[in-house]
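Heads up: the structure comes next, in structure tokens.
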Amino acid sequence: MWSQPPTQEELENRKAKIQMEIQEKEQLLKSVKNKEKSVLTQMSIQKEKIGLKEKLIKTTEKQTKLLNNDIYINQVKINQLNKELEQLRKDYAAMILKSYKSRSEQSRAMFLLSSENFLQAYKRAQYMKQYASYRKMQGQEIEVTTKQLKGYTNQIVIQKTEKEKLIKENEKEKEELVKEKKEQEKIALQIQKEKGKISAEIKKKQQETKKIDAQIQKLVREAIAAANRKTAAANVKANPKITATEKKAIESSTKIILTPEGKIVSDNFKANKGRLPWPVEKGAISLGYGDQPHPVFKSLMIHNSGIEISTESGSNARTVFSGEVAQVQQITPLKKAVLIKHGDFFTIYQNLSSVNVQVGDKVSAKQILGKIRTDADGQTILKFLVSQNSVYFNPTSWLSGR
């Protein structure tokens, strides 16, 4: 579907947001370096920072292109107005000359008196009146066109100044980008020196991730079983004729047996795919969904059942859609997880240091669930998952593009 290109104001807002994110990454990188923590963490932040710099350059280039278009349109208008003004002045000069030749009161009187009849005299009088009025109108039109021309000329001067400013900004950002990439090369060299140690670190983290994934899958299965037991009990209460076999079929299902109300919630959640708010107020995806090469060691494949979102220290996790708290669990001594049920969909929020909700609570979109943990390397990362029953999806496709 065709959409309007962003305006200069929208691009300026986008640029300000990217610049703020770059500053956040710079502060985080400085903090990590001061603590002499993992070079892998430094590389991850540096990579995000480079990505933001590249986005900033592209946004500035879009602004320059938009200004070029505006300058071109205004120049076309100036050229057109110059032609119109030239013609108006020619017509006006001819009219003045003609008026000058017949300027005497005697010639005007003779023009009226030489009429063959009263009607012709009246028409000639009206013609003289209209001619004077037309002369006045032509003078006013020249004045208006001159003002318009001056306005567009001033506008184009401002736009050209703005364009020069954007070009200088972009050149500066490109120079900064070269420096950032050199810094990335230095970190990469350091990583190569510590390759064995870092590879072991990555493998250890992947093993820990697998264990946590298994725990989360277990929590999802338990949540499905709890929901089905509740549905089975409600069905028996509403219809005592339900057999033990029918009740057991509901309770033992590996998928949530939706009630009419549950189906509405599920359908609403599904209908909002691609429009859900982010589970953090500020942040960027630092690790995508699925099987992928490690960001540094490309030969090493890693798996991610959701997405990892890097955010600021002290940030809160918030729910992306209204629902019911199905599980709150301590998945490691330092990490907690919250599962929110939306019909037969689940959203899962991992790596929380504290939680504000409990099982059975009804929650609304953007409600704070708890605080995200900041690790020993100074990183604050929320792991976010989306599933329908036990089937996981790429959460990126469910979230809004911001």
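Chain labels A, B, ... are given in the sequence in which chains occur in the structure tokens; within each chain residues are numbered consecutively from 1, and ligands are likewise numbered from 1 in the order shown.
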
| field | Long-range neighbours of Asn68 of chain A as a ChimeraX atom specification, 8 Å cut-off, only C-alpha atoms, 4 positions minimum in chain | value | /A:64,72,163

Store the residues of this selection in a file with all heavy atoms, as a compact mmCIF listing (two decimals), in the first residue's frame.
# COMPACT_ATOMS: atom_id res chain seq x y z
N THR A 64 18.05 15.70 3.35
CA THR A 64 18.69 16.45 2.27
C THR A 64 17.93 16.26 0.96
O THR A 64 17.70 17.21 0.21
CB THR A 64 20.16 15.99 2.10
OG1 THR A 64 20.81 16.05 3.37
CG2 THR A 64 20.92 16.87 1.12
N TYR A 72 13.76 22.43 -5.64
CA TYR A 72 13.42 22.29 -7.06
C TYR A 72 12.01 22.84 -7.34
O TYR A 72 11.80 23.62 -8.28
CB TYR A 72 13.51 20.82 -7.48
CG TYR A 72 13.02 20.56 -8.90
CD1 TYR A 72 13.82 20.89 -9.99
CD2 TYR A 72 11.76 20.03 -9.14
CE1 TYR A 72 13.38 20.68 -11.29
CE2 TYR A 72 11.29 19.81 -10.43
CZ TYR A 72 12.12 20.13 -11.50
OH TYR A 72 11.68 19.94 -12.78
N LYS A 163 20.23 23.02 3.75
CA LYS A 163 20.84 21.91 3.01
C LYS A 163 22.34 21.84 3.28
O LYS A 163 22.89 20.75 3.52
CB LYS A 163 20.55 22.08 1.52
CG LYS A 163 21.10 20.95 0.65
CD LYS A 163 20.92 21.26 -0.82
CE LYS A 163 21.75 20.35 -1.69
NZ LYS A 163 21.63 20.68 -3.12

| If we count only C-alpha atoms, what is near Gly314 of chain A at a cut-off of 8 Å, once residues fewer than 5 positions away on the same chain are taken out, given as a list of chain:residue names? | A:Lys371, A:Ile372, A:Arg373, A:Thr374, A:Thr380

| task | Name the closest residue to Ser353 of chain A among the candidates A:Asn304, A:Thr161, A:Gln329, A:Gln190; distances are taken between atoms, counting only C-alpha atoms. | result | A:Gln329

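When atom CA of Arg229 of chain A is paired with atom CA of Val338 of chain A, their separation reads 20.6 Å.
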
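Between Lys218 of chain A and the candidates A:Leu177, A:Ile156, A:Ile331, A:Val320, the tightest atom-to-atom separation, counting only C-alpha atoms, involves A:Ile331.
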
| Residues of segment 169-289 of chain A in strand (DSSP E or B) according to DSSP, as a ChimeraX atom specification? | /A:276,284-287

| message | Which residues are near segment 273-280 of chain A? Cut-off 12 Å, only C-alpha atoms, ignore same chain within fewer than 3 positions. Put them as a count of residues only. | response | 55

| query | Where does DSSP see alpha helix (DSSP H) in segment 145-301 of chain A, if you list the residues as a PyMOL selection string? | reply | chain A and resi 145-193+195-238+244-251+260-271

| said: For a quick check of understanding, using only C-alpha atoms, which of A:Lys241, A:Lys247, A:Lys230, A:Lys182 has the smallest distance to Lys47 of chain A? | reply: A:Lys182

| message | Restricting the calculation to only C-alpha atoms: of A:Val325, A:Gln388, A:Lys172, A:Lys55, which residue gets closest to Gly360 of chain A? | response | A:Val325
